[in-house]
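Novice: Compact mmCIF, N, CA and C atoms, saved as query.txt, coming up:
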# COMPACT_ATOMS: atom_id res chain seq x y z
N MET A 1 233.99 88.43 205.44
CA MET A 1 232.63 88.78 205.11
C MET A 1 232.64 90.09 204.32
N LYS A 2 231.99 90.09 203.18
CA LYS A 2 231.92 91.28 202.34
C LYS A 2 230.61 92.02 202.62
N ILE A 3 230.72 93.34 202.87
CA ILE A 3 229.55 94.15 203.17
C ILE A 3 229.12 94.86 201.90
N LYS A 4 227.85 94.71 201.58
CA LYS A 4 227.29 95.39 200.41
C LYS A 4 226.57 96.64 200.85
N LYS A 5 226.70 97.68 200.06
CA LYS A 5 225.98 98.91 200.32
C LYS A 5 224.76 98.93 199.39
N ALA A 6 223.60 98.80 199.98
CA ALA A 6 222.38 98.75 199.18
C ALA A 6 222.13 100.07 198.46
N ASN A 7 222.36 101.18 199.15
CA ASN A 7 222.13 102.49 198.55
C ASN A 7 223.20 103.42 199.09
N ALA A 8 224.25 103.59 198.34
CA ALA A 8 225.38 104.38 198.80
C ALA A 8 225.30 105.84 198.37
N SER A 9 224.24 106.23 197.71
CA SER A 9 224.14 107.62 197.25
C SER A 9 223.32 108.45 198.23
N PRO A 10 223.46 109.77 198.18
CA PRO A 10 222.68 110.64 199.06
C PRO A 10 221.18 110.49 198.79
N LEU A 11 220.39 110.72 199.81
CA LEU A 11 218.93 110.60 199.70
C LEU A 11 218.29 111.97 199.57
N THR A 12 217.19 112.03 198.86
CA THR A 12 216.41 113.26 198.82
C THR A 12 215.61 113.36 200.11
N ASN A 13 215.13 114.55 200.41
CA ASN A 13 214.29 114.73 201.58
C ASN A 13 213.03 113.87 201.46
N PHE A 14 212.50 113.74 200.24
CA PHE A 14 211.33 112.89 200.04
C PHE A 14 211.62 111.45 200.44
N GLU A 15 212.78 110.92 200.04
CA GLU A 15 213.12 109.54 200.37
C GLU A 15 213.25 109.33 201.88
N VAL A 16 213.79 110.32 202.58
CA VAL A 16 213.89 110.23 204.04
C VAL A 16 212.49 110.27 204.65
N LEU A 17 211.64 111.16 204.17
CA LEU A 17 210.26 111.25 204.66
C LEU A 17 209.51 109.95 204.40
N ASP A 18 209.67 109.40 203.22
CA ASP A 18 209.02 108.14 202.85
C ASP A 18 209.49 107.01 203.78
N PHE A 19 210.78 106.98 204.07
CA PHE A 19 211.33 105.97 204.98
C PHE A 19 210.72 106.12 206.38
N LEU A 20 210.66 107.36 206.88
CA LEU A 20 210.09 107.59 208.21
C LEU A 20 208.62 107.20 208.26
N ARG A 21 207.88 107.49 207.19
CA ARG A 21 206.48 107.07 207.13
C ARG A 21 206.37 105.55 207.17
N SER A 22 207.27 104.86 206.46
CA SER A 22 207.24 103.40 206.44
C SER A 22 207.57 102.81 207.81
N ARG A 23 208.29 103.57 208.63
CA ARG A 23 208.61 103.12 210.00
C ARG A 23 207.50 103.46 210.97
N GLY A 24 206.48 104.14 210.49
CA GLY A 24 205.34 104.43 211.34
C GLY A 24 205.27 105.83 211.89
N ALA A 25 206.16 106.72 211.47
CA ALA A 25 206.11 108.10 211.95
C ALA A 25 204.85 108.76 211.43
N ALA A 26 204.20 109.54 212.28
CA ALA A 26 202.98 110.24 211.91
C ALA A 26 202.83 111.48 212.78
N LYS A 27 202.00 112.41 212.33
CA LYS A 27 201.75 113.62 213.13
C LYS A 27 200.99 113.28 214.40
N ASP A 28 200.10 112.32 214.30
CA ASP A 28 199.30 111.89 215.45
C ASP A 28 200.07 110.81 216.21
N PRO A 29 200.54 111.09 217.44
CA PRO A 29 201.35 110.12 218.18
C PRO A 29 200.62 108.80 218.45
N SER A 30 199.29 108.81 218.46
CA SER A 30 198.55 107.57 218.72
C SER A 30 198.60 106.62 217.52
N ARG A 31 198.99 107.11 216.35
CA ARG A 31 199.04 106.27 215.15
C ARG A 31 200.40 105.61 214.96
N VAL A 32 201.36 105.92 215.80
CA VAL A 32 202.70 105.36 215.65
C VAL A 32 202.67 103.88 215.97
N ILE A 33 203.11 103.06 215.02
CA ILE A 33 203.06 101.61 215.16
C ILE A 33 204.30 101.11 215.89
N VAL A 34 205.45 101.52 215.45
CA VAL A 34 206.73 101.11 216.03
C VAL A 34 207.28 102.30 216.79
N SER A 35 208.03 102.03 217.84
CA SER A 35 208.60 103.16 218.56
C SER A 35 209.57 103.91 217.65
N VAL A 36 209.39 105.20 217.58
CA VAL A 36 210.20 106.06 216.72
C VAL A 36 211.03 106.96 217.64
N ALA A 37 212.32 107.05 217.35
CA ALA A 37 213.22 107.87 218.17
C ALA A 37 212.80 109.33 218.11
N PRO A 38 213.03 110.07 219.20
CA PRO A 38 212.68 111.51 219.21
C PRO A 38 213.33 112.28 218.06
N SER A 39 214.55 111.92 217.71
CA SER A 39 215.21 112.62 216.60
C SER A 39 214.48 112.35 215.29
N GLU A 40 213.96 111.13 215.13
CA GLU A 40 213.20 110.81 213.91
C GLU A 40 211.90 111.61 213.86
N VAL A 41 211.28 111.81 215.01
CA VAL A 41 210.05 112.60 215.07
C VAL A 41 210.33 114.04 214.66
N LYS A 42 211.44 114.60 215.13
CA LYS A 42 211.81 115.97 214.77
C LYS A 42 212.08 116.09 213.28
N VAL A 43 212.80 115.12 212.73
CA VAL A 43 213.08 115.14 211.29
C VAL A 43 211.77 115.00 210.52
N PHE A 44 210.90 114.10 210.96
CA PHE A 44 209.60 113.90 210.31
C PHE A 44 208.79 115.20 210.31
N ASP A 45 208.72 115.85 211.48
CA ASP A 45 207.97 117.11 211.58
C ASP A 45 208.52 118.17 210.64
N TYR A 46 209.85 118.27 210.56
CA TYR A 46 210.47 119.24 209.66
C TYR A 46 210.13 118.93 208.20
N LEU A 47 210.28 117.66 207.82
CA LEU A 47 210.05 117.28 206.43
C LEU A 47 208.57 117.40 206.04
N GLU A 48 207.67 117.21 206.99
CA GLU A 48 206.24 117.37 206.72
C GLU A 48 205.90 118.82 206.39
N GLN A 49 206.73 119.76 206.82
CA GLN A 49 206.52 121.17 206.54
C GLN A 49 207.30 121.64 205.31
N SER A 50 208.09 120.76 204.73
CA SER A 50 208.94 121.13 203.60
C SER A 50 208.28 120.73 202.28
N VAL A 51 208.96 121.02 201.19
CA VAL A 51 208.44 120.66 199.87
C VAL A 51 208.35 119.16 199.67
N ALA A 52 209.04 118.39 200.48
CA ALA A 52 209.03 116.93 200.35
C ALA A 52 207.64 116.34 200.61
N CYS A 53 206.80 117.04 201.36
CA CYS A 53 205.49 116.50 201.72
C CYS A 53 204.58 116.29 200.50
N ASN A 54 204.79 117.03 199.43
CA ASN A 54 203.96 116.89 198.23
C ASN A 54 204.59 116.04 197.14
N GLN A 55 205.81 115.59 197.35
CA GLN A 55 206.51 114.83 196.32
C GLN A 55 206.13 113.35 196.37
N THR A 56 206.27 112.70 195.22
CA THR A 56 206.02 111.27 195.11
C THR A 56 207.19 110.63 194.38
N ARG A 57 207.27 109.33 194.44
CA ARG A 57 208.32 108.63 193.68
C ARG A 57 208.18 108.94 192.19
N GLU A 58 206.95 109.00 191.74
CA GLU A 58 206.69 109.27 190.32
C GLU A 58 207.15 110.67 189.92
N SER A 59 206.87 111.66 190.78
CA SER A 59 207.27 113.03 190.43
C SER A 59 208.79 113.18 190.43
N VAL A 60 209.47 112.52 191.36
CA VAL A 60 210.94 112.56 191.39
C VAL A 60 211.50 111.89 190.13
N ALA A 61 210.94 110.72 189.77
CA ALA A 61 211.40 110.01 188.57
C ALA A 61 211.13 110.84 187.32
N GLU A 62 209.98 111.49 187.26
CA GLU A 62 209.64 112.35 186.11
C GLU A 62 210.63 113.51 186.00
N PHE A 63 210.96 114.12 187.14
CA PHE A 63 211.91 115.23 187.11
C PHE A 63 213.28 114.74 186.64
N LEU A 64 213.72 113.60 187.15
CA LEU A 64 215.02 113.06 186.74
C LEU A 64 215.08 112.85 185.23
N LYS A 65 214.01 112.32 184.68
CA LYS A 65 213.97 112.05 183.23
C LYS A 65 213.94 113.36 182.42
N LYS A 66 213.06 114.27 182.81
CA LYS A 66 212.91 115.52 182.06
C LYS A 66 214.09 116.47 182.22
N SER A 67 214.84 116.34 183.31
CA SER A 67 215.95 117.26 183.54
C SER A 67 217.27 116.78 182.91
N GLU A 68 217.27 115.62 182.29
CA GLU A 68 218.49 115.10 181.66
C GLU A 68 219.07 116.06 180.63
N LYS A 69 218.20 116.75 179.90
CA LYS A 69 218.67 117.65 178.84
C LYS A 69 219.46 118.84 179.36
N PHE A 70 219.35 119.14 180.68
CA PHE A 70 220.07 120.27 181.26
C PHE A 70 221.48 119.88 181.69
N LYS A 71 221.79 118.58 181.65
CA LYS A 71 223.13 118.06 182.01
C LYS A 71 223.57 118.55 183.41
N LEU A 72 222.70 118.34 184.38
CA LEU A 72 223.01 118.71 185.75
C LEU A 72 223.74 117.56 186.45
N VAL A 73 224.61 117.89 187.40
CA VAL A 73 225.29 116.85 188.17
C VAL A 73 224.36 116.40 189.30
N LYS A 74 224.67 115.25 189.89
CA LYS A 74 223.80 114.67 190.90
C LYS A 74 223.52 115.60 192.07
N ALA A 75 224.54 116.30 192.54
CA ALA A 75 224.35 117.21 193.69
C ALA A 75 223.39 118.34 193.34
N GLU A 76 223.45 118.84 192.12
CA GLU A 76 222.55 119.92 191.69
C GLU A 76 221.11 119.40 191.62
N ILE A 77 220.93 118.21 191.09
CA ILE A 77 219.60 117.61 191.00
C ILE A 77 219.04 117.39 192.41
N LEU A 78 219.86 116.87 193.30
CA LEU A 78 219.44 116.63 194.68
C LEU A 78 218.99 117.93 195.34
N ASN A 79 219.76 118.99 195.17
CA ASN A 79 219.39 120.28 195.75
C ASN A 79 218.11 120.84 195.16
N ILE A 80 217.93 120.68 193.87
CA ILE A 80 216.70 121.18 193.23
C ILE A 80 215.49 120.42 193.76
N ILE A 81 215.60 119.10 193.89
CA ILE A 81 214.49 118.30 194.41
C ILE A 81 214.19 118.69 195.86
N ASN A 82 215.22 118.86 196.67
CA ASN A 82 215.03 119.17 198.09
C ASN A 82 214.53 120.58 198.34
N ILE A 83 214.93 121.54 197.52
CA ILE A 83 214.62 122.95 197.78
C ILE A 83 213.41 123.42 196.99
N ARG A 84 213.20 122.86 195.80
CA ARG A 84 212.12 123.26 194.88
C ARG A 84 212.17 124.77 194.62
N PRO A 85 213.23 125.21 193.93
CA PRO A 85 213.33 126.64 193.62
C PRO A 85 212.18 127.09 192.72
N SER A 86 211.64 128.27 193.00
CA SER A 86 210.48 128.74 192.24
C SER A 86 210.79 129.95 191.36
N SER A 87 212.07 130.33 191.31
CA SER A 87 212.45 131.45 190.44
C SER A 87 213.91 131.29 190.03
N VAL A 88 214.31 132.09 189.06
CA VAL A 88 215.70 132.05 188.59
C VAL A 88 216.64 132.45 189.73
N VAL A 89 216.20 133.39 190.55
CA VAL A 89 217.02 133.84 191.69
C VAL A 89 217.24 132.68 192.66
N ASP A 90 216.24 131.85 192.85
CA ASP A 90 216.37 130.71 193.76
C ASP A 90 217.24 129.60 193.19
N ILE A 91 217.20 129.42 191.88
CA ILE A 91 217.92 128.29 191.27
C ILE A 91 219.38 128.62 190.98
N ASP A 92 219.69 129.89 190.79
CA ASP A 92 221.06 130.29 190.42
C ASP A 92 222.14 129.78 191.38
N PRO A 93 221.96 129.92 192.70
CA PRO A 93 223.03 129.43 193.59
C PRO A 93 223.14 127.91 193.68
N LEU A 94 222.15 127.19 193.17
CA LEU A 94 222.16 125.73 193.24
C LEU A 94 222.95 125.08 192.12
N ILE A 95 223.18 125.85 191.03
CA ILE A 95 223.85 125.30 189.85
C ILE A 95 225.14 126.06 189.61
N ASP A 96 226.23 125.32 189.55
CA ASP A 96 227.54 125.92 189.30
C ASP A 96 227.57 126.56 187.92
N ASP A 97 228.00 127.80 187.82
CA ASP A 97 228.06 128.56 186.56
C ASP A 97 226.72 128.45 185.82
N CYS A 98 225.66 128.77 186.52
CA CYS A 98 224.30 128.60 186.01
C CYS A 98 224.09 129.29 184.66
N GLU A 99 224.42 130.56 184.57
CA GLU A 99 224.20 131.30 183.32
C GLU A 99 225.06 130.77 182.19
N GLY A 100 226.29 130.42 182.49
CA GLY A 100 227.20 129.91 181.47
C GLY A 100 226.78 128.55 180.93
N ARG A 101 226.29 127.69 181.81
CA ARG A 101 225.91 126.34 181.40
C ARG A 101 224.51 126.25 180.81
N LEU A 102 223.56 127.01 181.39
CA LEU A 102 222.17 126.88 180.96
C LEU A 102 221.69 128.00 180.05
N GLY A 103 222.31 129.17 180.16
CA GLY A 103 221.92 130.30 179.30
C GLY A 103 220.45 130.64 179.45
N GLU A 104 219.75 130.66 178.34
CA GLU A 104 218.33 131.03 178.31
C GLU A 104 217.42 129.93 178.86
N SER A 105 217.93 128.73 179.01
CA SER A 105 217.06 127.63 179.45
C SER A 105 216.89 127.58 180.97
N ILE A 106 217.42 128.56 181.69
CA ILE A 106 217.23 128.61 183.15
C ILE A 106 215.74 128.70 183.48
N GLU A 107 215.05 129.59 182.77
CA GLU A 107 213.61 129.77 183.00
C GLU A 107 212.85 128.48 182.69
N GLU A 108 213.27 127.77 181.68
CA GLU A 108 212.63 126.49 181.33
C GLU A 108 212.79 125.48 182.48
N LEU A 109 213.96 125.47 183.10
CA LEU A 109 214.20 124.58 184.24
C LEU A 109 213.31 124.97 185.42
N VAL A 110 213.17 126.25 185.68
CA VAL A 110 212.30 126.72 186.77
C VAL A 110 210.85 126.30 186.50
N GLU A 111 210.41 126.43 185.26
CA GLU A 111 209.06 126.01 184.89
C GLU A 111 208.88 124.50 185.06
N LEU A 112 209.90 123.73 184.71
CA LEU A 112 209.85 122.27 184.88
C LEU A 112 209.69 121.92 186.35
N VAL A 113 210.44 122.58 187.21
CA VAL A 113 210.35 122.32 188.66
C VAL A 113 208.93 122.63 189.14
N ALA A 114 208.37 123.76 188.74
CA ALA A 114 207.02 124.14 189.16
C ALA A 114 205.97 123.17 188.62
N GLU A 115 206.18 122.66 187.42
CA GLU A 115 205.24 121.73 186.80
C GLU A 115 205.26 120.37 187.50
N VAL A 116 206.44 119.86 187.78
CA VAL A 116 206.59 118.50 188.31
C VAL A 116 206.36 118.46 189.83
N PHE A 117 206.83 119.47 190.55
CA PHE A 117 206.70 119.48 192.01
C PHE A 117 205.75 120.60 192.43
N PRO A 118 204.52 120.27 192.80
CA PRO A 118 203.60 121.32 193.24
C PRO A 118 204.08 121.93 194.55
N ALA A 119 203.74 123.18 194.75
CA ALA A 119 204.14 123.88 195.98
C ALA A 119 203.33 123.35 197.15
N PRO A 120 203.94 123.24 198.33
CA PRO A 120 203.17 122.84 199.52
C PRO A 120 202.07 123.86 199.79
N ALA A 121 201.02 123.45 200.45
CA ALA A 121 199.87 124.32 200.72
C ALA A 121 200.29 125.58 201.45
N GLN A 122 201.24 125.47 202.37
CA GLN A 122 201.71 126.63 203.13
C GLN A 122 202.35 127.66 202.21
N MET A 123 203.16 127.20 201.23
CA MET A 123 203.80 128.13 200.30
C MET A 123 202.76 128.80 199.41
N GLN A 124 201.74 128.04 198.97
CA GLN A 124 200.70 128.61 198.12
C GLN A 124 199.92 129.67 198.88
N ALA A 125 199.64 129.43 200.16
CA ALA A 125 198.92 130.41 200.98
C ALA A 125 199.76 131.67 201.17
N ASP A 126 201.05 131.51 201.40
CA ASP A 126 201.93 132.66 201.56
C ASP A 126 201.99 133.50 200.30
N GLU A 127 202.08 132.85 199.13
CA GLU A 127 202.15 133.57 197.87
C GLU A 127 200.85 134.32 197.60
N GLY A 128 199.70 133.70 197.91
CA GLY A 128 198.41 134.33 197.70
C GLY A 128 198.17 135.49 198.65
N ALA A 129 198.68 135.40 199.86
CA ALA A 129 198.48 136.45 200.86
C ALA A 129 199.17 137.74 200.47
N ASN A 130 200.28 137.67 199.82
CA ASN A 130 201.04 138.87 199.45
C ASN A 130 200.36 139.68 198.35
N GLU A 131 199.39 139.09 197.65
CA GLU A 131 198.73 139.80 196.56
C GLU A 131 197.79 140.89 197.09
N ASP A 132 197.08 140.63 198.21
CA ASP A 132 196.07 141.55 198.70
C ASP A 132 196.57 142.54 199.74
N GLY A 133 197.56 142.15 200.47
CA GLY A 133 198.01 143.02 201.55
C GLY A 133 199.51 142.94 201.72
N GLU A 134 199.96 143.72 202.66
CA GLU A 134 201.39 143.75 202.94
C GLU A 134 201.62 143.08 204.28
N GLU A 135 202.53 142.12 204.35
CA GLU A 135 202.77 141.40 205.59
C GLU A 135 203.63 142.24 206.52
N ILE A 136 203.24 142.28 207.78
CA ILE A 136 204.03 142.98 208.77
C ILE A 136 204.71 141.95 209.67
N PRO A 137 205.74 142.33 210.43
CA PRO A 137 206.56 141.37 211.17
C PRO A 137 205.82 140.36 212.03
N ASP A 138 204.69 140.69 212.64
CA ASP A 138 204.01 139.73 213.50
C ASP A 138 203.17 138.73 212.70
N GLY A 139 203.22 138.82 211.38
CA GLY A 139 202.54 137.85 210.51
C GLY A 139 201.13 138.24 210.11
N LYS A 140 200.61 139.37 210.61
CA LYS A 140 199.26 139.80 210.25
C LYS A 140 199.30 140.51 208.90
N GLN A 141 198.17 140.49 208.23
CA GLN A 141 198.05 141.15 206.93
C GLN A 141 197.44 142.54 207.11
N VAL A 142 197.96 143.50 206.39
CA VAL A 142 197.44 144.85 206.41
C VAL A 142 196.99 145.19 205.01
N ASP A 143 195.76 145.65 204.88
CA ASP A 143 195.25 146.02 203.57
C ASP A 143 195.90 147.34 203.16
N THR A 144 196.55 147.34 201.99
CA THR A 144 197.28 148.53 201.54
C THR A 144 196.51 149.30 200.48
N SER A 145 195.22 148.98 200.29
CA SER A 145 194.47 149.68 199.25
C SER A 145 193.81 150.93 199.77
Output the structure of this file as structure tokens.

Specialist:
Amino acid sequence: MKIKKANASPLTNFEVLDFLRSRGAAKDPSRVIVSVAPSEVKVFDYLEQSVACNQTRESVAEFLKKSEKFKLVKAEILNIINIRPSSVVDIDPLIDDCEGRLGESIEELVELVAEVFPAPAQMQADEGANEDGEEIPDGKQVDTS
């Protein structure tokens, strides 16, 4: 008997989240259709708080198409999709010899990521909060004006 591998490549966090949703995982336990293992619930909860929650099949496909010109390897693309770097500092460790391979187009890649993958609401709130005040360790905002 020959075993076929339907999908032998690594999955993005979005694909895992999409799979868990298709199995009935939800934030509201009363909406769960099929019994979901506790480990799946933990993974689902984590991914719901990550950048994967705003991604779609279309946005991932769009990024794959538009990022071809950067000649990134599969692992680099996977990391960019999963992490959604929002600055050159964030993207540099994800790409081997980033400056040597991309040069001035690093910023263009960061802009592409921001354009194709919107930031989760939590990240947008965090970015907006830092404009008016200074965050202190307990998470409260202090007006610095």

Novice: If we count only C-alpha atoms and set the cut-off at 10 Å, which residues sit around segment 65-70 of chain A, ignoring sequence neighbours fewer than 5 positions away in its own chain? Please answer as a PDB file with N, CA and C atoms, in the coordinates of the input.

Specialist:
ATOM      1  N   SER A  59     206.870 111.660 190.780  1.00  0.00           N
ATOM      2  CA  SER A  59     207.270 113.030 190.430  1.00  0.00           C
ATOM      3  C   SER A  59     208.790 113.180 190.430  1.00  0.00           C
ATOM      4  N   VAL A  60     209.470 112.520 191.360  1.00  0.00           N
ATOM      5  CA  VAL A  60     210.940 112.560 191.390  1.00  0.00           C
ATOM      6  C   VAL A  60     211.500 111.890 190.130  1.00  0.00           C
ATOM      7  N   ILE A  77     220.930 118.210 191.090  1.00  0.00           N
ATOM      8  CA  ILE A  77     219.600 117.610 191.000  1.00  0.00           C
ATOM      9  C   ILE A  77     219.040 117.390 192.410  1.00  0.00           C
ATOM     10  N   ARG A 101     226.290 127.690 181.810  1.00  0.00           N
ATOM     11  CA  ARG A 101     225.910 126.340 181.400  1.00  0.00           C
ATOM     12  C   ARG A 101     224.510 126.250 180.810  1.00  0.00           C
ATOM     13  N   LEU A 102     223.560 127.010 181.390  1.00  0.00           N
ATOM     14  CA  LEU A 102     222.170 126.880 180.960  1.00  0.00           C
ATOM     15  C   LEU A 102     221.690 128.000 180.050  1.00  0.00           C
ATOM     16  N   SER A 105     217.930 128.730 179.010  1.00  0.00           N
ATOM     17  CA  SER A 105     217.060 127.630 179.450  1.00  0.00           C
ATOM     18  C   SER A 105     216.890 127.580 180.970  1.00  0.00           C
ATOM     19  N   ILE A 106     217.420 128.560 181.690  1.00  0.00           N
ATOM     20  CA  ILE A 106     217.230 128.610 183.150  1.00  0.00           C
ATOM     21  C   ILE A 106     215.740 128.700 183.480  1.00  0.00           C
ATOM     22  N   GLU A 108     213.270 127.770 181.680  1.00  0.00           N
ATOM     23  CA  GLU A 108     212.630 126.490 181.330  1.00  0.00           C
ATOM     24  C   GLU A 108     212.790 125.480 182.480  1.00  0.00           C
ATOM     25  N   LEU A 109     213.960 125.470 183.100  1.00  0.00           N
ATOM     26  CA  LEU A 109     214.200 124.580 184.240  1.00  0.00           C
ATOM     27  C   LEU A 109     213.310 124.970 185.420  1.00  0.00           C
ATOM     28  N   LEU A 112     209.900 123.730 184.710  1.00  0.00           N
ATOM     29  CA  LEU A 112     209.850 122.270 184.880  1.00  0.00           C
ATOM     30  C   LEU A 112     209.690 121.920 186.350  1.00  0.00           C
ATOM     31  N   VAL A 113     210.440 122.580 187.210  1.00  0.00           N
ATOM     32  CA  VAL A 113     210.350 122.320 188.660  1.00  0.00           C
ATOM     33  C   VAL A 113     208.930 122.630 189.140  1.00  0.00           C
ATOM     34  N   VAL A 116     206.440 119.860 187.780  1.00  0.00           N
ATOM     35  CA  VAL A 116     206.590 118.500 188.310  1.00  0.00           C
ATOM     36  C   VAL A 116     206.360 118.460 189.830  1.00  0.00           C
TER      37      VAL A 116
END

Novice: How many Å separate atom N of Cys98 of chain A from atom N of Val73 of chain A?

Specialist: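 It comes out at 11.0 Å.
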
Novice: Which residue, A:Val36, A:Leu94, A:Ile80, A:Leu72, has the smallest gap to Ala52 of chain A when you use only C-alpha atoms?

Specialist: A:Ile80

Novice: Using only C-alpha atoms, which of A:Leu64, A:Ala114, A:Ala37, A:Ile81 sits nearest Glu15 of chain A?

Specialist: A:Ile81
